[in-house]
file run29.csv (CSV, C-alpha atoms and all ligand atoms)
chain,number,residue,atom,x,y,z
A,1,MET,CA,76.9,-12.0,-99.0
A,2,ILE,CA,76.4,-15.7,-98.8
A,3,TYR,CA,78.5,-17.1,-96.0
A,4,ASN,CA,79.1,-20.5,-94.5
A,5,PRO,CA,79.2,-20.2,-90.7
A,6,THR,CA,81.0,-23.6,-90.4
A,7,SER,CA,83.8,-22.9,-92.9
A,8,GLY,CA,87.4,-23.2,-91.7
A,9,ARG,CA,87.7,-22.2,-88.0
A,10,GLU,CA,84.1,-20.8,-88.0
A,11,GLU,CA,85.5,-17.2,-88.0
A,12,MET,CA,82.4,-15.7,-89.5
A,13,LYS,CA,80.3,-16.6,-86.5
A,14,LYS,CA,82.1,-13.9,-84.6
A,15,ARG,CA,83.1,-11.5,-87.3
A,16,LEU,CA,79.9,-11.0,-89.3
A,17,PRO,CA,78.9,-7.6,-87.8
A,18,GLU,CA,82.4,-6.2,-88.3
A,19,ILE,CA,82.6,-7.4,-91.9
A,20,LEU,CA,79.2,-6.1,-92.9
A,21,GLN,CA,80.1,-2.7,-91.3
A,22,ARG,CA,83.3,-2.5,-93.3
A,23,LEU,CA,81.5,-3.2,-96.5
A,24,GLU,CA,78.8,-0.6,-95.6
A,25,ARG,CA,81.5,2.0,-94.9
A,26,GLY,CA,82.9,1.1,-98.3
A,27,GLY,CA,79.6,2.2,-99.9
A,28,PHE,CA,77.6,-1.0,-100.2
A,29,GLU,CA,74.2,-1.8,-99.0
A,30,THR,CA,74.5,-5.3,-97.8
A,31,SER,CA,72.3,-8.3,-97.3
A,32,ALA,CA,73.7,-11.5,-95.6
A,33,HIS,CA,72.6,-15.1,-96.0
A,34,ALA,CA,74.0,-17.8,-93.7
A,35,THR,CA,74.1,-21.2,-95.4
A,36,ILE,CA,72.3,-24.0,-93.5
A,37,GLY,CA,73.8,-27.1,-95.2
A,38,GLU,CA,74.7,-28.7,-98.5
A,39,GLY,CA,73.4,-27.0,-101.6
A,40,ASP,CA,72.0,-24.0,-99.8
A,41,ALA,CA,74.7,-21.6,-101.1
A,42,THR,CA,73.7,-22.6,-104.7
A,43,LEU,CA,70.0,-21.8,-104.1
A,44,ALA,CA,70.9,-18.5,-102.4
A,45,ALA,CA,73.2,-17.5,-105.2
A,46,ALA,CA,70.6,-18.3,-107.9
A,47,GLU,CA,68.1,-16.2,-106.0
A,48,ALA,CA,70.5,-13.4,-105.6
A,49,VAL,CA,71.0,-13.3,-109.4
A,50,SER,CA,67.2,-13.2,-110.0
A,51,ARG,CA,66.8,-10.5,-107.3
A,52,GLY,CA,69.2,-8.3,-109.3
A,53,PHE,CA,72.0,-7.8,-106.7
A,54,ASP,CA,75.0,-5.9,-108.2
A,55,LEU,CA,77.5,-8.1,-106.5
A,56,ILE,CA,77.5,-11.6,-104.9
A,57,ILE,CA,80.1,-12.3,-102.2
A,58,ALA,CA,80.9,-15.9,-101.4
A,59,ALA,CA,82.4,-16.1,-97.9
A,60,GLY,CA,83.7,-19.6,-97.1
A,61,GLY,CA,86.1,-22.2,-98.3
A,62,ASP,CA,86.4,-23.5,-101.8
A,63,GLY,CA,83.3,-25.7,-101.3
A,64,THR,CA,81.1,-22.7,-100.6
A,65,ILE,CA,82.6,-20.7,-103.4
A,66,CYS,CA,81.9,-23.6,-105.8
A,67,GLU,CA,78.3,-23.9,-104.6
A,68,VAL,CA,77.8,-20.2,-105.2
A,69,VAL,CA,79.3,-20.5,-108.7
A,70,ASN,CA,76.9,-23.4,-109.4
A,71,GLY,CA,74.0,-21.0,-108.5
A,72,MET,CA,75.3,-18.3,-110.8
A,73,ALA,CA,76.9,-20.0,-113.8
A,74,GLU,CA,73.8,-20.8,-115.9
A,75,ARG,CA,72.1,-17.5,-115.2
A,76,GLU,CA,71.9,-14.5,-117.6
A,77,GLY,CA,72.8,-11.2,-116.1
A,78,ARG,CA,74.9,-12.7,-113.3
A,79,PRO,CA,76.8,-10.0,-111.4
A,80,PRO,CA,80.5,-10.2,-110.5
A,81,LEU,CA,81.6,-12.5,-107.6
A,82,GLY,CA,83.6,-11.3,-104.6
A,83,ILE,CA,85.5,-13.7,-102.4
A,84,LEU,CA,86.1,-13.7,-98.6
A,85,PRO,CA,88.4,-16.7,-98.0
A,86,LEU,CA,87.3,-18.5,-94.8
A,87,GLY,CA,88.2,-22.1,-95.5
A,88,THR,CA,91.0,-24.3,-94.4
A,89,THR,CA,93.1,-24.3,-97.6
A,90,ASN,CA,91.5,-21.6,-99.8
A,91,ASP,CA,93.1,-22.8,-103.0
A,92,PHE,CA,90.9,-20.6,-105.3
A,93,ALA,CA,91.6,-17.4,-103.3
A,94,ARG,CA,95.3,-18.2,-103.3
A,95,ALA,CA,95.3,-18.7,-107.0
A,96,LEU,CA,93.7,-15.3,-107.5
A,97,GLY,CA,95.9,-13.5,-105.1
A,98,ILE,CA,93.0,-12.7,-102.7
A,99,PRO,CA,94.4,-12.1,-99.2
A,100,LYS,CA,93.3,-14.4,-96.4
A,101,ASN,CA,93.2,-11.4,-94.0
A,102,LEU,CA,89.5,-10.6,-94.0
A,103,GLU,CA,89.9,-6.8,-93.7
A,104,TYR,CA,92.1,-6.7,-96.7
A,105,ALA,CA,89.9,-9.1,-98.7
A,106,CYS,CA,86.9,-6.7,-97.9
A,107,ASP,CA,88.9,-3.7,-99.1
A,108,LEU,CA,89.7,-5.5,-102.3
A,109,ILE,CA,85.9,-6.1,-102.8
A,110,ILE,CA,85.2,-2.4,-102.1
A,111,GLN,CA,87.6,-1.5,-105.0
A,112,GLN,CA,85.4,-3.6,-107.3
A,113,TYR,CA,88.1,-4.4,-109.9
A,114,SER,CA,87.1,-7.6,-111.6
A,115,THR,CA,88.5,-9.9,-114.2
A,116,SER,CA,86.9,-12.8,-116.1
A,117,ILE,CA,87.8,-16.3,-115.2
A,118,ASP,CA,87.3,-19.8,-116.7
A,119,VAL,CA,84.7,-22.1,-115.2
A,120,GLY,CA,84.8,-25.8,-115.6
A,121,LYS,CA,81.6,-27.6,-116.5
A,122,ILE,CA,81.4,-31.2,-115.5
A,123,ASN,CA,78.2,-33.1,-116.6
A,124,ASN,CA,75.6,-30.7,-115.3
A,125,ARG,CA,77.7,-29.0,-112.6
A,126,TYR,CA,80.4,-26.5,-112.4
A,127,PHE,CA,83.8,-26.2,-110.7
A,128,ILE,CA,86.3,-23.3,-110.4
A,129,ASN,CA,89.5,-24.9,-109.1
A,130,ILE,CA,89.8,-28.6,-109.5
A,131,ALA,CA,88.0,-31.8,-110.4
A,132,GLY,CA,89.6,-35.1,-109.6
A,133,GLY,CA,89.2,-38.7,-108.7
A,134,GLY,CA,91.2,-41.7,-107.5
A,135,SER,CA,93.4,-42.3,-104.4
A,136,MET,CA,93.5,-39.5,-101.9
A,137,THR,CA,91.1,-37.2,-103.8
A,138,GLU,CA,88.2,-38.2,-101.5
A,139,LEU,CA,90.3,-37.0,-98.6
A,140,THR,CA,89.1,-33.4,-98.7
A,141,TYR,CA,85.5,-34.3,-98.0
A,142,GLU,CA,86.2,-37.2,-95.6
A,143,VAL,CA,87.9,-35.0,-93.0
A,144,PRO,CA,85.3,-34.1,-90.4
A,145,SER,CA,84.4,-30.4,-90.3
A,146,LYS,CA,84.9,-30.3,-86.5
A,147,LEU,CA,88.5,-31.6,-86.8
A,148,LYS,CA,89.3,-28.8,-89.4
A,149,THR,CA,87.8,-26.3,-87.0
A,150,MET,CA,90.2,-27.5,-84.3
A,151,ILE,CA,93.4,-28.2,-86.1
A,152,GLY,CA,93.0,-26.7,-89.6
A,153,GLN,CA,95.2,-28.0,-92.4
A,154,LEU,CA,96.8,-30.6,-90.1
A,155,ALA,CA,93.5,-32.5,-90.2
A,156,TYR,CA,94.1,-33.3,-93.9
A,157,TYR,CA,97.6,-34.6,-93.3
A,158,MET,CA,96.4,-36.9,-90.5
A,159,LYS,CA,93.7,-38.3,-92.7
A,160,GLY,CA,96.2,-38.7,-95.6
A,161,LEU,CA,98.6,-40.7,-93.5
A,162,GLU,CA,95.7,-42.9,-92.3
A,163,LYS,CA,94.8,-43.7,-95.9
A,164,LEU,CA,98.3,-44.2,-97.3
A,165,PRO,CA,98.5,-48.0,-96.8
A,166,ARG,CA,95.2,-48.5,-98.7
A,167,LEU,CA,96.1,-46.8,-102.0
A,168,LYS,CA,94.5,-48.6,-105.0
A,169,PRO,CA,94.7,-48.0,-108.7
A,170,ILE,CA,91.7,-47.4,-111.0
A,171,GLU,CA,91.2,-48.2,-114.6
A,172,LEU,CA,90.5,-45.1,-116.8
A,173,TYR,CA,89.4,-44.5,-120.4
A,174,ILE,CA,90.3,-40.9,-121.3
A,175,LYS,CA,89.4,-38.9,-124.5
A,176,ALA,CA,90.7,-35.4,-124.9
A,177,GLY,CA,91.0,-34.0,-128.4
A,178,ASP,CA,93.0,-36.4,-130.5
A,179,ARG,CA,94.3,-38.1,-127.4
A,180,GLU,CA,92.8,-41.4,-126.3
A,181,MET,CA,94.2,-43.4,-123.4
A,182,HIS,CA,93.5,-46.5,-121.4
A,183,GLU,CA,95.6,-46.6,-118.2
A,184,GLU,CA,95.7,-47.9,-114.7
A,185,VAL,CA,96.1,-44.8,-112.6
A,186,MET,CA,96.3,-43.7,-109.0
A,187,LEU,CA,94.6,-40.4,-109.4
A,188,PHE,CA,93.6,-37.8,-112.0
A,189,LEU,CA,93.3,-34.0,-111.5
A,190,VAL,CA,91.8,-31.6,-113.9
A,191,GLY,CA,92.8,-28.1,-112.8
A,192,ASN,CA,91.5,-24.7,-113.7
A,193,THR,CA,94.0,-22.8,-111.5
A,194,ASN,CA,97.6,-23.5,-110.4
A,195,SER,CA,96.7,-24.0,-106.7
A,196,VAL,CA,95.3,-27.3,-105.6
A,197,GLY,CA,95.2,-28.8,-102.1
A,198,GLY,CA,97.7,-26.3,-100.8
A,199,PHE,CA,100.1,-27.4,-103.5
A,200,GLU,CA,100.8,-24.1,-105.2
A,201,LYS,CA,103.0,-25.5,-107.9
A,202,LEU,CA,100.9,-28.5,-108.9
A,203,ALA,CA,100.0,-27.1,-112.4
A,204,PRO,CA,102.5,-24.3,-112.9
A,205,GLU,CA,101.3,-23.6,-116.5
A,206,ALA,CA,97.7,-23.1,-115.4
A,207,ASN,CA,96.2,-19.8,-116.2
A,208,ILE,CA,92.8,-18.6,-114.9
A,209,ASN,CA,91.5,-17.4,-118.2
A,210,ASP,CA,93.3,-19.3,-121.0
A,211,GLY,CA,90.3,-21.5,-121.7
A,212,MET,CA,92.3,-24.6,-120.9
A,213,PHE,CA,92.3,-27.3,-118.2
A,214,ASP,CA,95.6,-28.6,-116.9
A,215,VAL,CA,95.3,-32.4,-116.7
A,216,ILE,CA,97.6,-34.4,-114.3
A,217,ILE,CA,97.4,-38.1,-114.2
A,218,LEU,CA,99.5,-40.2,-111.9
A,219,LYS,CA,100.0,-43.7,-113.3
A,220,LYS,CA,99.8,-46.9,-111.2
A,221,CYS,CA,102.7,-46.9,-108.8
A,222,ASN,CA,103.7,-48.3,-105.4
A,223,LEU,CA,103.5,-46.6,-102.0
A,224,ALA,CA,107.2,-45.5,-102.1
A,225,GLU,CA,106.8,-44.0,-105.6
A,226,PHE,CA,103.6,-42.3,-104.5
A,227,ILE,CA,105.3,-40.6,-101.6
A,228,ARG,CA,108.3,-39.6,-103.7
A,229,ILE,CA,106.0,-37.9,-106.3
A,230,VAL,CA,104.0,-36.1,-103.7
A,231,SER,CA,107.2,-34.6,-102.2
A,232,LEU,CA,108.3,-33.7,-105.8
A,233,ALA,CA,104.9,-32.0,-106.3
A,234,LEU,CA,105.4,-29.9,-103.2
A,235,ARG,CA,108.5,-28.4,-104.8
A,236,GLY,CA,106.8,-28.1,-108.3
A,237,GLU,CA,109.3,-30.6,-109.7
A,238,HIS,CA,106.9,-33.4,-110.5
A,239,LEU,CA,105.8,-32.8,-114.1
A,240,SER,CA,108.8,-34.5,-115.8
A,241,ASP,CA,108.4,-37.6,-113.7
A,242,PRO,CA,107.8,-40.7,-116.0
A,243,ASN,CA,104.9,-41.7,-113.7
A,244,LEU,CA,103.0,-38.6,-114.6
A,245,ILE,CA,101.0,-37.7,-117.7
A,246,TYR,CA,100.5,-34.0,-118.1
A,247,PHE,CA,98.6,-32.1,-120.9
A,248,GLN,CA,96.3,-29.2,-121.5
A,249,THR,CA,92.9,-29.4,-123.1
A,250,ASN,CA,89.5,-27.6,-123.1
A,251,HIS,CA,87.4,-30.8,-123.3
A,252,ILE,CA,87.9,-34.2,-121.7
A,253,GLU,CA,85.8,-37.3,-121.3
A,254,ILE,CA,86.6,-39.9,-118.6
A,255,ASN,CA,85.1,-43.3,-118.1
A,256,SER,CA,85.9,-46.2,-115.9
A,257,PRO,CA,84.6,-49.8,-115.2
A,258,ASP,CA,85.4,-49.1,-111.5
A,259,TYR,CA,83.3,-47.1,-109.1
A,260,VAL,CA,85.1,-43.8,-109.0
A,261,GLN,CA,84.0,-40.8,-106.9
A,262,LEU,CA,84.6,-37.3,-108.2
A,263,ASN,CA,85.9,-34.5,-106.1
A,264,LEU,CA,84.8,-31.0,-107.2
A,265,ASP,CA,86.6,-28.2,-105.4
A,266,GLY,CA,87.0,-30.2,-102.3
A,267,GLU,CA,83.5,-31.6,-102.1
A,268,PHE,CA,81.9,-34.9,-103.3
A,269,GLY,CA,80.7,-34.3,-106.9
A,270,GLY,CA,79.1,-37.6,-108.1
A,271,THR,CA,80.8,-40.5,-109.9
A,272,LEU,CA,82.4,-41.3,-113.3
A,273,PRO,CA,81.7,-41.2,-116.2
A,274,CYS,CA,82.1,-37.5,-116.8
A,275,VAL,CA,82.4,-35.0,-119.6
A,276,MET,CA,84.3,-31.7,-118.8
A,277,THR,CA,84.3,-28.6,-120.8
A,278,ASN,CA,86.2,-25.4,-120.1
A,279,LEU,CA,83.9,-22.3,-120.3
A,280,GLN,CA,86.4,-19.6,-121.1
A,281,SER,CA,86.1,-16.3,-119.2
A,282,HIS,CA,82.6,-17.2,-118.0
A,283,LEU,CA,82.5,-15.4,-114.7
A,284,GLN,CA,83.7,-12.0,-113.5
A,285,VAL,CA,85.5,-12.2,-110.2
A,286,ILE,CA,86.9,-9.3,-108.1
A,287,VAL,CA,90.7,-9.4,-107.8
A,288,ASP,CA,93.5,-7.1,-107.0
A,289,GLU,CA,93.9,-4.6,-109.8
A,290,SER,CA,97.7,-4.3,-109.5
A,291,GLY,CA,98.0,-8.1,-109.4
A,292,GLN,CA,99.7,-7.8,-106.1
A,293,SER,CA,97.7,-8.6,-103.0
A,294,ILE,CA,96.8,-5.8,-100.6
A,295,TYR,CA,98.3,-7.9,-97.8
A,296,LYS,CA,101.6,-8.1,-99.7
A,297,LYS,CA,101.5,-4.4,-100.5
A,298,LYS,CA,100.8,-3.4,-96.9
A,299,PHE,CA,103.6,-5.7,-95.7
A,300,LEU,CA,106.0,-4.2,-98.2
A,301,GLU,CA,105.0,-0.7,-97.2
A,302,ALA,CA,105.6,-1.6,-93.6
A,303,LEU,CA,109.1,-2.8,-94.5
A,304,THR,CA,110.0,0.2,-96.4
A,305,THR,CA,108.5,2.9,-94.1
A,306,PRO,CA,110.9,3.7,-91.3
A,307,PHE,CA,108.4,5.0,-88.8
A,308,HIS,CA,105.7,2.4,-89.5
A,309,LEU,CA,106.3,0.8,-86.1
A,310,LYS,CA,104.2,-0.3,-83.1
A,311,GLY,CA,102.4,2.6,-81.4
A,312,HIS,CA,102.4,4.6,-84.7
A,313,GLY,CA,98.8,5.2,-85.9
A,314,ASN,CA,95.7,3.9,-84.2
A,315,GLY,CA,97.3,1.0,-82.5
A,316,HIS,CA,95.0,-1.4,-84.3
A,317,ASP,CA,97.0,-4.3,-85.6
A,318,GLU,CA,95.8,-5.2,-89.1
A,319,GLY,CA,98.6,-7.7,-89.9
A,320,GLU,CA,97.9,-11.4,-90.3
A,401,LIG,N1,75.4,-24.5,-91.8
A,401,LIG,C1,76.1,-25.5,-92.2
A,401,LIG,N2,76.4,-26.5,-91.4
A,401,LIG,C2,77.1,-27.6,-91.8
A,401,LIG,N3,77.7,-27.7,-93.0
A,401,LIG,C3,77.4,-26.6,-93.9
A,401,LIG,C4,76.6,-25.5,-93.5
A,401,LIG,N4,76.6,-24.7,-94.6
A,401,LIG,C5,77.3,-25.3,-95.6
A,401,LIG,N5,77.8,-26.4,-95.2
A,401,LIG,C6,78.7,-27.4,-95.9
A,401,LIG,O1,80.0,-26.9,-95.8
A,401,LIG,C7,80.8,-27.4,-96.9
A,401,LIG,C8,81.7,-26.3,-97.6
A,401,LIG,O2,82.6,-26.0,-96.6
A,401,LIG,P1,83.8,-25.0,-97.1
A,401,LIG,O3,84.5,-25.5,-98.2
A,401,LIG,O4,83.2,-23.6,-97.2
A,401,LIG,O5,84.7,-24.9,-95.8
A,401,LIG,P2,85.8,-25.9,-95.3
A,401,LIG,O6,85.4,-27.2,-95.7
A,401,LIG,O7,86.0,-25.6,-93.8
A,401,LIG,O8,87.0,-25.3,-96.0
A,401,LIG,P3,88.1,-26.1,-96.9
A,401,LIG,O9,87.3,-26.6,-98.1
A,401,LIG,O10,89.1,-25.2,-97.2
A,401,LIG,O11,88.5,-27.2,-96.0
A,401,LIG,C9,79.8,-27.9,-98.0
A,401,LIG,O12,79.8,-29.3,-97.9
A,401,LIG,C10,78.4,-27.4,-97.4
A,401,LIG,O13,77.4,-28.3,-97.7
call {"tool": "encode", "arguments": {"input": "run29.csv", "output": "structure tokens"}}
result
Amino acid sequence: MIYNPTSGREEMKKRLPEILQRLERGGFETSAHATIGEGDATLAAAEAVSRGFDLIIAAGGDGTICEVVNGMAEREGRPPLGILPLGTTNDFARALGIPKNLEYACDLIIQQYSTSIDVGKINNRYFINIAGGGSMTELTYEVPSKLKTMIGQLAYYMKGLEKLPRLKPIELYIKAGDREMHEEVMLFLVGNTNSVGGFEKLAPEANINDGMFDVIILKKCNLAEFIRIVSLALRGEHLSDPNLIYFQTNHIEINSPDYVQLNLDGEFGGTLPCVMTNLQSHLQVIVDESGQSIYKKKFLEALTTPFHLKGHGNGHDEGE
């Protein structure tokens, strides 16, 4: 297990022994590595593959999972990946239906049912959820970790509000299949899953193993339009808006005369130009076999079992 002790609200600092014990009880012999800073999860994952571990668990936010995937993606004989979501938003875990409750997420890993997922390759790096650039996309790595520890998701909204008055368009040259574009845009997002930045309906058509990226480009607009489109996106009603360009592709090249930073799964990922290719079904990831999260199942069980009330059982509250 490769875990980031600083992810989200730093839960792993307290819960490591309990989590390892749960996995051991589930039949695993475990070894844990605490990351010490940027890039460490990538090195640890590459080493875990060469040492022949049967399973690698990434415990952290999307940034940590992405670093782990970067250590595994190129290696032959890579084992499946398990996820313990510990970040602030956990878009990737949400897209795969992996519960945020750590006990349930461990139980899922113990079941060891895996499915293959697409991985995005961008220049010489990899992403699992999203690559993007332009206004607001740098927000995810500008929010200080301490602030996220203290106030969670709210830290992103605060930073977003602070940046709103300084929105600026960028000039992009885009090539994807037969499509060639030259546009002034506010931002571009290349998604691998349907869940981005806590917006669960941003790319409703996205499928985790269809071999396709979902590309969303917001054309140059003013502040009022920007806010209107963000609120439409929250409801999943944004795709037909004339300010948006939306298409699917498995390969895209983006260039710009401007200095444009790239955001890969919530972390800084270099600058444009970039070439992105979708590596279909490249990685095995442990998910819920029935497609319904254990958390949801237990919740539904609790609703439909008349005597599943407080004081019944061992008194240990496993709910979220
Ligand atoms: N020991 C450490 N101390 C400080 N930073 C670390 C440490 N280990 C890893 N990191 C950094 O943490 C970042 C990844 O954080 P991660 O995405 O897991 O959590 P988060 O940022 O709290 O969650 P979210 O992305 O949902 O907001 C990477 O930039 C990585 O370099």
call {"tool": "closest_atom_pairs", "arguments": {"input": "run29.csv", "of": "chain A", "to": "ligand LIG 401 (chain A)", "cutoff": "10 Å", "atoms": "only C-alpha atoms and all ligand atoms", "output": "Markdown table"}}
result
| residue | atom | partner | partner_atom | distance |
| --- | --- | --- | --- | --- |
| A:Ile2 | CA | A:LIG401 | N4 | 9.9 |
| A:Tyr3 | CA | A:LIG401 | N4 | 8.0 |
| A:Asn4 | CA | A:LIG401 | N4 | 4.9 |
| A:Pro5 | CA | A:LIG401 | N1 | 5.8 |
| A:Thr6 | CA | A:LIG401 | N2 | 5.5 |
| A:Ser7 | CA | A:LIG401 | O7 | 3.6 |
| A:Gly8 | CA | A:LIG401 | O7 | 3.5 |
| A:Arg9 | CA | A:LIG401 | O7 | 6.9 |
| A:Glu10 | CA | A:LIG401 | O7 | 7.8 |
| A:Ala34 | CA | A:LIG401 | N1 | 7.1 |
| A:Thr35 | CA | A:LIG401 | N4 | 4.4 |
| A:Ile36 | CA | A:LIG401 | N1 | 3.6 |
| A:Gly37 | CA | A:LIG401 | C4 | 3.6 |
| A:Glu38 | CA | A:LIG401 | O13 | 2.8 |
| A:Gly39 | CA | A:LIG401 | O13 | 5.7 |
| A:Asp40 | CA | A:LIG401 | C5 | 6.9 |
| A:Ala41 | CA | A:LIG401 | C5 | 7.1 |
| A:Thr42 | CA | A:LIG401 | O13 | 9.8 |
| A:Ala58 | CA | A:LIG401 | O4 | 9.1 |
| A:Ala59 | CA | A:LIG401 | O4 | 7.6 |
| A:Gly60 | CA | A:LIG401 | O4 | 4.0 |
| A:Gly61 | CA | A:LIG401 | O4 | 3.4 |
| A:Asp62 | CA | A:LIG401 | O3 | 4.5 |
| A:Gly63 | CA | A:LIG401 | O3 | 3.3 |
| A:Thr64 | CA | A:LIG401 | O4 | 4.1 |
| A:Ile65 | CA | A:LIG401 | O4 | 6.9 |
| A:Cys66 | CA | A:LIG401 | O3 | 8.3 |
| A:Glu67 | CA | A:LIG401 | C9 | 7.9 |
| A:Pro85 | CA | A:LIG401 | O10 | 8.6 |
| A:Leu86 | CA | A:LIG401 | O8 | 6.9 |
| A:Gly87 | CA | A:LIG401 | O8 | 3.5 |
| A:Thr88 | CA | A:LIG401 | O10 | 3.5 |
| A:Thr89 | CA | A:LIG401 | O10 | 4.1 |
| A:Asn90 | CA | A:LIG401 | O10 | 5.0 |
| A:Asp91 | CA | A:LIG401 | O10 | 7.4 |
| A:Phe92 | CA | A:LIG401 | O10 | 9.5 |
| A:Thr140 | CA | A:LIG401 | O11 | 6.8 |
| A:Tyr141 | CA | A:LIG401 | O6 | 7.5 |
| A:Val143 | CA | A:LIG401 | O11 | 8.4 |
| A:Pro144 | CA | A:LIG401 | O6 | 8.7 |
| A:Ser145 | CA | A:LIG401 | O7 | 6.2 |
| A:Lys146 | CA | A:LIG401 | O7 | 8.8 |
| A:Leu147 | CA | A:LIG401 | O7 | 9.6 |
| A:Lys148 | CA | A:LIG401 | O7 | 6.4 |
| A:Thr149 | CA | A:LIG401 | O7 | 7.1 |
| A:Gly152 | CA | A:LIG401 | O11 | 7.8 |
| A:Gln153 | CA | A:LIG401 | O11 | 7.6 |
| A:Ala155 | CA | A:LIG401 | O11 | 9.3 |
| A:Tyr156 | CA | A:LIG401 | O11 | 8.5 |
| A:Gly197 | CA | A:LIG401 | O10 | 8.6 |
| A:Gly198 | CA | A:LIG401 | O10 | 9.4 |
| A:Asp265 | CA | A:LIG401 | O9 | 7.5 |
| A:Gly266 | CA | A:LIG401 | O9 | 5.5 |
| A:Glu267 | CA | A:LIG401 | O12 | 6.1 |
| A:Phe268 | CA | A:LIG401 | O12 | 8.1 |
call {"tool": "residues_around", "arguments": {"input": "run29.csv", "residues": "Ala105 of chain A", "least_positions_apart": "5", "cutoff": "8 Å", "atoms": "only C-alpha atoms", "output": "PyMOL selection string"}}
result
chain A and resi 83-85+98-100+294
call {"tool": "atom_distance", "arguments": {"input": "run29.csv", "atom1": "atom CA of Lys168 of chain A", "atom2": "atom CA of Thr277 of chain A"}}
result
27.5 Å
call {"tool": "closest_residue", "arguments": {"input": "run29.csv", "among": "A:Asn129, A:Gln111, A:Ser231, A:Ser290", "to": "Gly82 of chain A", "atoms": "only C-alpha atoms"}}
result
A:Gln111
call {"tool": "atom_distance", "arguments": {"input": "run29.csv", "atom1": "atom CA of Ile117 of chain A", "atom2": "atom CA of His282 of chain A"}}
result
6.0 Å
